[in-house]
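Undergrad: Here it is, the structure in full.
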Amino acid sequence: MNNFNDFNNSQVAKLPRHLRQFIVDQHYEKYTPVDQAVWRYVMRQNYSYLKQVAYYPYIKGLQSAGLSIEHIPDLQTMNDNLGKLGWGAVTVDGFIPPAAFMEYQAYRVLVIAADIRQINHIEYTPAPDIIHESAGHAPIIADPDYNNYLSYIGTIGAKAMFSAQDFELYEAIRNLSILKEAVAVNEVEIEKTEILLRKLADNLGEPSEMALLSRLHWWTVEYGLIGSLEDPKIYGAGLLSSIGESASCRNQEVKKIPYTIDTINYNYDITKPQPYLFVTETFQNLIDVLEQFADTMAFRRGGAESIKKAIACKNVATAVYSSGLQVSGLYTNMIVATPGDLNFIKTKSGTALAFANKQLEGHSKFYHKDGFSSPVGKLKGMDMPLENLSIEELKALGIAVDEKADFTFESGIHVQGLVTSILQREGKNILIVLEEATMKESAGNVLFQPEWGTYDMAIGEKIVSVFNGAADKDAFEEITYISPKQTQKIIYSNAMEELHEIYAKVRAIREQESMEEELPALFEFLKKDHPTDWLSALEILEITYHRKLFPDLEMQLRAYLLYKSEHVPELKKLITDGLYVIENPVNQLITE
């Protein structure tokens, strides 16, 4: 795996351990000559069309990100260029969990799938690939308003609560994307996976924060339009990287809707072209809508409703007391008063305590291996919250180190025991440690007893925030979920290896402007041994057309390609568009 300092990119170097686990080597040498031709075809098509309809000057953005139309990008080159914009990039294996993807964006690092789509999916693939991630996301990073939004939605997304159903949906999406790009997969298996995916999407129940935020991300970062409803420009990476949908999305059949907070009510299907798209007037509007949504999230609202989300998540979450104490663990229970006031929280298994996202010494998940529980609220008869009392004020209440103390909370929960320490941070009491402690509800239900050992009582009038994951992820040794299903590595047949050699020779002839005499023989090999191929024939035609070579060969190539476009429906648009770009070439300056 790459050394993270090898990239000489400050954003990549800042990545914490729990995100680094997703990174894989790019292995540039694995890209075949066909892969390079697929990249070149898509990029030439994109520039030919997108220069008119993309929001940001597309080629300027490509150059700013270190991308070339001629070659699949090298990660080091991208990092050298993105670093100048305050961003970085890493390569990963296909889809990664949404929470991790969002957190990468918060660190201002682009996640780039190392694989590239197969030629039979050249127009669009549901799988993330290097065309989508680099040619889609990276060029618009140069726009400061947009890259601020991209980083900010990552920051918000990293805190979003998710549900167990979200994990199932993620697995189904990842599995489908792998199957779609695999070689010789049974179509029945793909159909079954698509049916399962739709079933899961339709039966998520109440969508989680992550599910709703994913919709905002999809309709902006992936499929966003900007400008007027009548003539919007493309900025979404899914559209910028799809030579099919970048054109079809402008049709009247695709409904254009103003982008507002109501967008969270629109789900999406990655297996189909989108029937509607959302148009924002400005990137500032994206941030405004995101702020509206963030105000509904657990990390800003806190309280019982947020702990309820943490319990439903069935994964590590962090509750933050008003004192600043952070409790990270698997939430299982809470006690709530009739009006909805939160009185008590409980976790199970390893739980860690932290302050300002730094784990407290002696309070790791190994120390609290059986979980953690504590009251929430003020002491009965006290106007001032316990966290705000000075040491002298605590003593006046009989709360002092090496003294027995009684705590009766407004909720009726009663705690008593020998105080052994009072932990403070930034002028607030955050934790009181007791021995020989008991804790009971007013009805007498036991919540803690002396035989269980030392009792660490959290201090705080309220739970002010709840968010996904641990507060100090690295100290918690949090291993983010990694799917057991990996993308499939293609093993090429002898025939395919021969085709790679043809593509490599055509590229060499084009770039070196020599060996043109081999072109007729290469075309004969194509017709005889690789009759389903079309892209190499198109590249040979490009050379003969621009260099005015072999007029008879040029006529044969045109006839061959036109015959294919008329008799193979799925090739008609690809060949027609390819011929257009040959006859209306992109400016040669953009390839440098």
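Letters A, B, ... mark the chains of the structure tokens in the order given; residue numbers begin at 1 per chain; ligand numbers begin at 1, in order shown.
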Which residues, written as a list in words, have at least one atom at most 12 Å from A:Glu291, with only C-alpha atoms counted and residues fewer than 2 positions away on the same chain left out?
TA: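 Near neighbours after the sequence-gap exclusion: Tyr149, Tyr152, Ile153, Thr155, Ile156, Gly157, Leu213, Leu216, Thr260, Ile261, Gln284, Asn285, Leu286, Ile287, Asp288, Val289, Phe293, Ala294, Asp295, Thr296, Met297 and Arg300 of chain A.
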Undergrad: Print the selection's residues with C-alpha atoms to a file, as a PDB file, in the first residue's frame.
TA:
ATOM      1  CA  TYR A 149     -19.756  23.043  -0.506  1.00  0.00           C
ATOM      2  CA  TYR A 152     -18.960  21.116   4.015  1.00  0.00           C
ATOM      3  CA  ILE A 153     -21.444  18.403   3.016  1.00  0.00           C
ATOM      4  CA  THR A 155     -18.318  17.492   7.337  1.00  0.00           C
ATOM      5  CA  ILE A 156     -22.084  17.274   7.930  1.00  0.00           C
ATOM      6  CA  GLY A 157     -22.295  13.778   6.453  1.00  0.00           C
ATOM      7  CA  LEU A 213     -28.352  13.441   3.260  1.00  0.00           C
ATOM      8  CA  LEU A 216     -29.028  15.798  -1.189  1.00  0.00           C
ATOM      9  CA  THR A 260     -34.872  23.343  -2.099  1.00  0.00           C
ATOM     10  CA  ILE A 261     -35.043  21.445   1.192  1.00  0.00           C
ATOM     11  CA  GLN A 284     -24.580  29.318  -1.952  1.00  0.00           C
ATOM     12  CA  ASN A 285     -28.120  27.950  -2.201  1.00  0.00           C
ATOM     13  CA  LEU A 286     -26.682  24.434  -1.803  1.00  0.00           C
ATOM     14  CA  ILE A 287     -25.092  25.500   1.478  1.00  0.00           C
ATOM     15  CA  ASP A 288     -28.302  27.221   2.614  1.00  0.00           C
ATOM     16  CA  VAL A 289     -30.351  24.058   2.001  1.00  0.00           C
ATOM     17  CA  PHE A 293     -31.243  20.056   6.892  1.00  0.00           C
ATOM     18  CA  ALA A 294     -28.354  20.095   9.396  1.00  0.00           C
ATOM     19  CA  ASP A 295     -30.592  21.937  11.863  1.00  0.00           C
ATOM     20  CA  THR A 296     -32.807  18.817  11.996  1.00  0.00           C
ATOM     21  CA  MET A 297     -29.914  16.431  12.669  1.00  0.00           C
ATOM     22  CA  ARG A 300     -27.345  19.805  16.429  1.00  0.00           C
TER      23      ARG A 300
END
Undergrad: Considering only strand (DSSP E or B) as DSSP defines it on the backbone, what residues of stretch 369-559 of chain A qualify? List them as a ChimeraX atom specification.
TA: /A:373-375,379,404-409,414-425,428-440,446-448,455-458,463-468
Undergrad: Restrict the selected residues to C-alpha atoms and save them as a compact mmCIF listing (two decimals), in the first residue's frame.
TA:
# COMPACT_ATOMS: atom_id res chain seq x y z
CA SER A 373 -24.49 4.43 32.05
CA SER A 374 -25.16 7.75 33.72
CA PRO A 375 -27.91 10.21 34.68
CA LEU A 379 -29.68 18.08 40.89
CA LYS A 404 -19.29 10.25 50.80
CA ALA A 405 -21.81 12.13 48.70
CA ASP A 406 -25.47 11.91 47.75
CA PHE A 407 -26.84 13.07 44.40
CA THR A 408 -30.58 13.29 43.87
CA PHE A 409 -31.47 14.41 40.35
CA HIS A 414 -30.41 8.82 43.26
CA VAL A 415 -26.67 8.19 43.33
CA GLN A 416 -24.50 7.80 46.41
CA GLY A 417 -20.92 6.73 47.02
CA LEU A 418 -17.39 7.73 48.04
CA VAL A 419 -15.99 10.44 45.77
CA THR A 420 -12.44 9.57 44.70
CA SER A 421 -11.94 12.21 42.00
CA ILE A 422 -13.66 15.08 40.22
CA LEU A 423 -12.51 15.58 36.63
CA GLN A 424 -12.69 19.08 35.15
CA ARG A 425 -12.07 20.44 31.67
CA LYS A 428 -16.48 22.58 33.88
CA ASN A 429 -17.02 19.42 35.93
CA ILE A 430 -17.35 16.56 33.48
CA LEU A 431 -16.94 13.36 35.52
CA ILE A 432 -17.19 12.31 39.17
CA VAL A 433 -15.63 8.97 40.10
CA LEU A 434 -17.15 7.04 43.03
CA GLU A 435 -16.44 3.84 44.92
CA GLU A 436 -19.03 1.75 46.78
CA ALA A 437 -21.63 3.44 44.61
CA THR A 438 -25.31 2.74 44.12
CA MET A 439 -27.71 4.26 41.62
CA LYS A 440 -31.47 3.79 41.70
CA VAL A 446 -31.30 -0.59 40.58
CA LEU A 447 -29.14 1.00 37.88
CA PHE A 448 -25.75 0.44 39.53
CA TYR A 455 -18.69 4.08 39.08
CA ASP A 456 -17.87 6.93 36.69
CA MET A 457 -20.75 9.39 36.70
CA ALA A 458 -21.00 11.71 33.74
CA ILE A 463 -27.27 15.83 25.91
CA VAL A 464 -26.58 18.59 23.42
CA SER A 465 -25.35 16.53 20.49
CA VAL A 466 -25.34 12.96 19.15
CA PHE A 467 -23.33 11.93 16.13
CA ASN A 468 -22.18 8.88 14.20
Undergrad: Looking only at the backbone, which of the residues in stretch 239-289 of chain A does DSSP tag as helix (DSSP H, G or I), as a list of chain:residue names?
TA: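 Those in stretch 239-289 of chain A that DSSP calls helix (DSSP H, G or I) are A:Leu239, A:Leu240, A:Glu245, A:Ser246, A:Ala247, A:Ser248, A:Ile261, A:Asp262, A:Thr263, A:Ile264, A:Asn265, A:Phe283, A:Gln284, A:Asn285, A:Leu286, A:Ile287, A:Asp288, A:Val289.
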Undergrad: Let's have the selection written as a tab-separated table (two decimals), in the first residue's frame, with N, CA, C and O atoms.
TA:
chain	number	residue	atom	x	y	z
A	239	LEU	N	-23.20	13.31	-14.18
A	239	LEU	CA	-23.53	13.80	-15.52
A	239	LEU	C	-22.27	14.14	-16.30
A	239	LEU	O	-22.16	13.83	-17.49
A	240	LEU	N	-21.31	14.78	-15.64
A	240	LEU	CA	-20.08	15.16	-16.33
A	240	LEU	C	-19.30	13.96	-16.85
A	240	LEU	O	-18.57	14.07	-17.83
A	245	GLU	N	-25.88	10.41	-20.37
A	245	GLU	CA	-26.79	11.26	-19.59
A	245	GLU	C	-26.43	12.74	-19.66
A	245	GLU	O	-27.28	13.59	-19.42
A	246	SER	N	-25.18	13.07	-19.96
A	246	SER	CA	-24.84	14.49	-20.08
A	246	SER	C	-25.62	15.14	-21.22
A	246	SER	O	-25.89	16.34	-21.20
A	247	ALA	N	-25.98	14.33	-22.21
A	247	ALA	CA	-26.79	14.84	-23.32
A	247	ALA	C	-28.28	14.68	-23.04
A	247	ALA	O	-29.07	15.62	-23.19
A	248	SER	N	-28.69	13.48	-22.61
A	248	SER	CA	-30.12	13.22	-22.40
A	248	SER	C	-30.71	14.03	-21.27
A	248	SER	O	-31.91	14.31	-21.26
A	261	ILE	N	-35.10	22.47	0.16
A	261	ILE	CA	-35.04	21.44	1.19
A	261	ILE	C	-36.01	20.30	0.87
A	261	ILE	O	-35.81	19.17	1.34
A	262	ASP	N	-37.02	20.54	0.05
A	262	ASP	CA	-37.96	19.48	-0.33
A	262	ASP	C	-37.29	18.37	-1.13
A	262	ASP	O	-37.86	17.29	-1.29
A	263	THR	N	-36.07	18.61	-1.62
A	263	THR	CA	-35.35	17.61	-2.40
A	263	THR	C	-35.11	16.33	-1.59
A	263	THR	O	-34.98	15.25	-2.18
A	264	ILE	N	-35.08	16.44	-0.27
A	264	ILE	CA	-34.86	15.23	0.55
A	264	ILE	C	-35.99	14.22	0.40
A	264	ILE	O	-35.84	13.06	0.78
A	265	ASN	N	-37.12	14.65	-0.16
A	265	ASN	CA	-38.26	13.74	-0.35
A	265	ASN	C	-38.17	12.93	-1.63
A	265	ASN	O	-39.02	12.07	-1.89
A	283	PHE	N	-24.30	28.15	-5.93
A	283	PHE	CA	-23.75	27.18	-4.99
A	283	PHE	C	-24.05	27.58	-3.55
A	283	PHE	O	-24.13	26.72	-2.67
A	284	GLN	N	-24.22	28.88	-3.30
A	284	GLN	CA	-24.58	29.32	-1.95
A	284	GLN	C	-25.92	28.73	-1.54
A	284	GLN	O	-26.13	28.39	-0.38
A	285	ASN	N	-26.82	28.56	-2.51
A	285	ASN	CA	-28.12	27.95	-2.20
A	285	ASN	C	-27.95	26.51	-1.73
A	285	ASN	O	-28.70	26.03	-0.87
A	286	LEU	N	-26.96	25.80	-2.26
A	286	LEU	CA	-26.68	24.43	-1.80
A	286	LEU	C	-26.32	24.44	-0.32
A	286	LEU	O	-26.78	23.59	0.45
A	287	ILE	N	-25.49	25.41	0.08
A	287	ILE	CA	-25.09	25.50	1.48
A	287	ILE	C	-26.27	25.89	2.35
A	287	ILE	O	-26.45	25.37	3.46
A	288	ASP	N	-27.12	26.79	1.85
A	288	ASP	CA	-28.30	27.22	2.61
A	288	ASP	C	-29.24	26.05	2.87
A	288	ASP	O	-29.75	25.87	3.99
A	289	VAL	N	-29.48	25.23	1.84
A	289	VAL	CA	-30.35	24.06	2.00
A	289	VAL	C	-29.71	23.06	2.96
A	289	VAL	O	-30.39	22.47	3.81
Undergrad: Need the shell around stretch 96-99 of chain A: protein/DNA/RNA residues with any atom at most 12 Å away, counting only C-alpha atoms. Skip same-chain ones fewer than 6 positions apart. Format as an mmCIF file with N, CA and C atoms, in the first residue's frame?
TA:
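selection.cif, written as the output of this step:
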data_model
loop_
_atom_site.group_PDB
_atom_site.id
_atom_site.type_symbol
_atom_site.label_atom_id
_atom_site.label_comp_id
_atom_site.auth_asym_id
_atom_site.auth_seq_id
_atom_site.Cartn_x
_atom_site.Cartn_y
_atom_site.Cartn_z
ATOM 1 N N HIS A 18 -8.542 5.337 10.530
ATOM 2 C CA HIS A 18 -9.779 4.639 10.174
ATOM 3 C C HIS A 18 -10.207 4.919 8.736
ATOM 4 N N LEU A 19 -9.685 5.990 8.114
ATOM 5 C CA LEU A 19 -9.966 6.231 6.698
ATOM 6 C C LEU A 19 -8.895 5.612 5.803
ATOM 7 N N ARG A 20 -7.679 5.529 6.297
ATOM 8 C CA ARG A 20 -6.594 4.980 5.491
ATOM 9 C C ARG A 20 -6.818 3.511 5.127
ATOM 10 N N GLN A 21 -7.614 2.826 5.936
ATOM 11 C CA GLN A 21 -7.816 1.389 5.686
ATOM 12 C C GLN A 21 -8.492 1.106 4.344
ATOM 13 N N PHE A 22 -9.149 2.096 3.753
ATOM 14 C CA PHE A 22 -9.833 1.890 2.473
ATOM 15 C C PHE A 22 -8.903 2.083 1.274
ATOM 16 N N ILE A 23 -7.764 2.705 1.489
ATOM 17 C CA ILE A 23 -6.901 3.088 0.377
ATOM 18 C C ILE A 23 -6.202 1.871 -0.228
ATOM 19 N N VAL A 24 -6.199 1.813 -1.557
ATOM 20 C CA VAL A 24 -5.476 0.768 -2.283
ATOM 21 C C VAL A 24 -4.513 1.439 -3.256
ATOM 22 N N GLN A 105 -14.413 13.635 2.103
ATOM 23 C CA GLN A 105 -14.700 14.976 1.573
ATOM 24 C C GLN A 105 -14.454 16.044 2.629
ATOM 25 N N ALA A 106 -14.808 15.729 3.884
ATOM 26 C CA ALA A 106 -14.566 16.687 4.964
ATOM 27 C C ALA A 106 -13.074 16.986 5.091
ATOM 28 N N VAL A 111 -12.126 10.695 -3.283
ATOM 29 C CA VAL A 111 -12.029 9.239 -3.308
ATOM 30 C C VAL A 111 -12.206 8.791 -4.754
ATOM 31 N N ILE A 112 -11.206 8.124 -5.313
ATOM 32 C CA ILE A 112 -11.218 7.744 -6.725
ATOM 33 C C ILE A 112 -11.148 6.227 -6.853
ATOM 34 N N ALA A 113 -12.162 5.651 -7.466
ATOM 35 C CA ALA A 113 -12.140 4.214 -7.716
ATOM 36 C C ALA A 113 -11.007 3.912 -8.694
ATOM 37 N N ALA A 127 -21.139 1.470 -11.499
ATOM 38 C CA ALA A 127 -19.991 1.289 -10.618
ATOM 39 C C ALA A 127 -19.132 2.547 -10.624
ATOM 40 N N PRO A 128 -18.600 2.919 -9.454
ATOM 41 C CA PRO A 128 -17.662 4.051 -9.457
ATOM 42 C C PRO A 128 -16.404 3.636 -10.213
ATOM 43 N N ILE A 153 -20.482 19.510 2.960
ATOM 44 C CA ILE A 153 -21.444 18.403 3.016
ATOM 45 C C ILE A 153 -20.739 17.148 3.549
ATOM 46 N N GLY A 154 -19.428 17.029 3.305
ATOM 47 C CA GLY A 154 -18.682 15.928 3.894
ATOM 48 C C GLY A 154 -18.606 16.042 5.405
ATOM 49 N N THR A 155 -18.379 17.258 5.895
ATOM 50 C CA THR A 155 -18.318 17.492 7.337
ATOM 51 C C THR A 155 -19.645 17.150 8.002
ATOM 52 N N ILE A 156 -20.749 17.572 7.387
ATOM 53 C CA ILE A 156 -22.084 17.274 7.930
ATOM 54 C C ILE A 156 -22.363 15.773 7.817
ATOM 55 N N GLY A 157 -22.021 15.196 6.682
ATOM 56 C CA GLY A 157 -22.295 13.778 6.453
ATOM 57 C C GLY A 157 -21.544 12.864 7.402
ATOM 58 N N ALA A 158 -20.348 13.263 7.796
ATOM 59 C CA ALA A 158 -19.555 12.436 8.709
ATOM 60 C C ALA A 158 -20.223 12.303 10.065
ATOM 61 N N LYS A 159 -21.136 13.199 10.390
ATOM 62 C CA LYS A 159 -21.842 13.157 11.670
ATOM 63 C C LYS A 159 -23.228 12.518 11.563
ATOM 64 N N ALA A 160 -23.666 12.227 10.345
ATOM 65 C CA ALA A 160 -25.044 11.758 10.135
ATOM 66 C C ALA A 160 -25.267 10.369 10.732
ATOM 67 N N MET A 161 -26.409 10.207 11.382
ATOM 68 C CA MET A 161 -26.793 8.907 11.931
ATOM 69 C C MET A 161 -27.371 8.051 10.811
ATOM 70 N N PHE A 162 -27.090 6.759 10.864
ATOM 71 C CA PHE A 162 -27.603 5.848 9.845
ATOM 72 C C PHE A 162 -28.298 4.681 10.515
ATOM 73 N N SER A 163 -28.959 3.873 9.728
ATOM 74 C CA SER A 163 -29.712 2.738 10.260
ATOM 75 C C SER A 163 -29.086 1.436 9.779
ATOM 76 N N ASP A 166 -29.591 0.905 6.165
ATOM 77 C CA ASP A 166 -28.670 1.612 5.277
ATOM 78 C C ASP A 166 -27.487 0.725 4.887
ATOM 79 N N PHE A 167 -27.009 -0.072 5.841
ATOM 80 C CA PHE A 167 -25.907 -0.981 5.552
ATOM 81 C C PHE A 167 -26.312 -2.022 4.521
ATOM 82 N N GLU A 168 -27.530 -2.555 4.661
ATOM 83 C CA GLU A 168 -28.015 -3.547 3.703
ATOM 84 C C GLU A 168 -28.103 -2.938 2.309
ATOM 85 N N LEU A 169 -28.606 -1.704 2.232
ATOM 86 C CA LEU A 169 -28.729 -1.025 0.943
ATOM 87 C C LEU A 169 -27.354 -0.783 0.331
ATOM 88 N N TYR A 170 -26.413 -0.347 1.146
ATOM 89 C CA TYR A 170 -25.048 -0.119 0.663
ATOM 90 C C TYR A 170 -24.472 -1.401 0.077
ATOM 91 N N GLU A 171 -24.640 -2.521 0.784
ATOM 92 C CA GLU A 171 -24.120 -3.795 0.304
ATOM 93 C C GLU A 171 -24.749 -4.181 -1.038
ATOM 94 N N ALA A 172 -26.064 -3.944 -1.162
ATOM 95 C CA ALA A 172 -26.756 -4.286 -2.409
ATOM 96 C C ALA A 172 -26.253 -3.419 -3.567
ATOM 97 N N ILE A 173 -26.052 -2.138 -3.312
ATOM 98 C CA ILE A 173 -25.548 -1.228 -4.346
ATOM 99 C C ILE A 173 -24.130 -1.646 -4.756
ATOM 100 N N ARG A 174 -23.300 -1.927 -3.782
ATOM 101 C CA ARG A 174 -21.921 -2.328 -4.088
ATOM 102 C C ARG A 174 -21.914 -3.626 -4.875
ATOM 103 N N ASN A 175 -22.727 -4.587 -4.464
ATOM 104 C CA ASN A 175 -22.770 -5.875 -5.144
ATOM 105 C C ASN A 175 -23.223 -5.716 -6.589
ATOM 106 N N SER A 177 -22.975 -3.041 -8.480
ATOM 107 C CA SER A 177 -21.940 -2.348 -9.256
ATOM 108 C C SER A 177 -20.819 -3.307 -9.646
ATOM 109 N N GLU A 209 -30.893 9.868 8.842
ATOM 110 C CA GLU A 209 -30.223 11.110 8.452
ATOM 111 C C GLU A 209 -29.301 10.872 7.274
ATOM 112 N N MET A 210 -28.568 9.757 7.307
ATOM 113 C CA MET A 210 -27.640 9.475 6.211
ATOM 114 C C MET A 210 -28.379 9.233 4.912
ATOM 115 N N ALA A 211 -29.525 8.549 4.980
ATOM 116 C CA ALA A 211 -30.313 8.295 3.770
ATOM 117 C C ALA A 211 -30.797 9.602 3.163
ATOM 118 N N LEU A 212 -31.267 10.518 4.005
ATOM 119 C CA LEU A 212 -31.759 11.807 3.507
ATOM 120 C C LEU A 212 -30.612 12.667 2.986
ATOM 121 N N LEU A 213 -29.499 12.653 3.707
ATOM 122 C CA LEU A 213 -28.352 13.441 3.260
ATOM 123 C C LEU A 213 -27.788 12.876 1.962
ATOM 124 N N SER A 214 -27.849 11.548 1.803
ATOM 125 C CA SER A 214 -27.381 10.929 0.555
ATOM 126 C C SER A 214 -28.202 11.414 -0.630
ATOM 127 N N ARG A 215 -29.491 11.683 -0.383
ATOM 128 C CA ARG A 215 -30.320 12.235 -1.465
ATOM 129 C C ARG A 215 -29.836 13.625 -1.859
ATOM 130 N N HIS A 217 -26.868 14.760 -1.501
ATOM 131 C CA HIS A 217 -25.570 14.560 -2.159
ATOM 132 C C HIS A 217 -25.766 14.101 -3.599
ATOM 133 N N TRP A 218 -26.682 13.157 -3.805
ATOM 134 C CA TRP A 218 -26.933 12.624 -5.142
ATOM 135 C C TRP A 218 -27.423 13.710 -6.088
ATOM 136 N N PHE A 467 -23.796 12.090 17.499
ATOM 137 C CA PHE A 467 -23.335 11.935 16.125
ATOM 138 C C PHE A 467 -22.781 10.544 15.886
ATOM 139 N N ASN A 468 -22.663 10.193 14.626
ATOM 140 C CA ASN A 468 -22.184 8.879 14.203
ATOM 141 C C ASN A 468 -20.710 8.677 14.559
ATOM 142 N N GLY A 469 -20.373 7.472 15.008
ATOM 143 C CA GLY A 469 -18.981 7.115 15.245
ATOM 144 C C GLY A 469 -18.465 7.562 16.593
ATOM 145 N N THR A 480 -13.806 0.988 10.465
ATOM 146 C CA THR A 480 -15.007 1.227 9.688
ATOM 147 C C THR A 480 -15.355 -0.018 8.877
ATOM 148 N N TYR A 481 -16.646 -0.277 8.746
ATOM 149 C CA TYR A 481 -17.096 -1.472 8.041
ATOM 150 C C TYR A 481 -16.560 -1.499 6.619
ATOM 151 N N ILE A 482 -15.921 -2.627 6.253
ATOM 152 C CA ILE A 482 -15.445 -2.842 4.888
ATOM 153 C C ILE A 482 -16.168 -4.051 4.324
ATOM 154 N N SER A 483 -16.764 -3.883 3.157
ATOM 155 C CA SER A 483 -17.534 -4.966 2.557
ATOM 156 C C SER A 483 -16.643 -6.162 2.236
ATOM 157 N N PRO A 484 -17.151 -7.379 2.483
ATOM 158 C CA PRO A 484 -16.383 -8.575 2.107
ATOM 159 C C PRO A 484 -16.363 -8.809 0.606
ATOM 160 N N LYS A 485 -17.290 -8.159 -0.123
ATOM 161 C CA LYS A 485 -17.345 -8.318 -1.579
ATOM 162 C C LYS A 485 -16.373 -7.348 -2.232
ATOM 163 N N GLN A 486 -15.401 -7.879 -2.937
ATOM 164 C CA GLN A 486 -14.394 -7.056 -3.597
ATOM 165 C C GLN A 486 -14.641 -7.029 -5.100
ATOM 166 N N THR A 487 -14.189 -5.942 -5.741
ATOM 167 C CA THR A 487 -14.325 -5.867 -7.190
ATOM 168 C C THR A 487 -13.520 -6.985 -7.828
#
Undergrad: Would you mind listing what lies within 10 Å of A:Ile140 as a count of residues only, with only C-alpha atoms counted and same-chain residues fewer than 4 positions away left out?
TA: 21
Undergrad: Report the distance between atom CA of A:Ile270 and atom CA of A:Asn251 in Å, rounded to one decimal place.
TA: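 If I compute the distance from atom CA of A:Ile270 to atom CA of A:Asn251, I get 19.1 Å.
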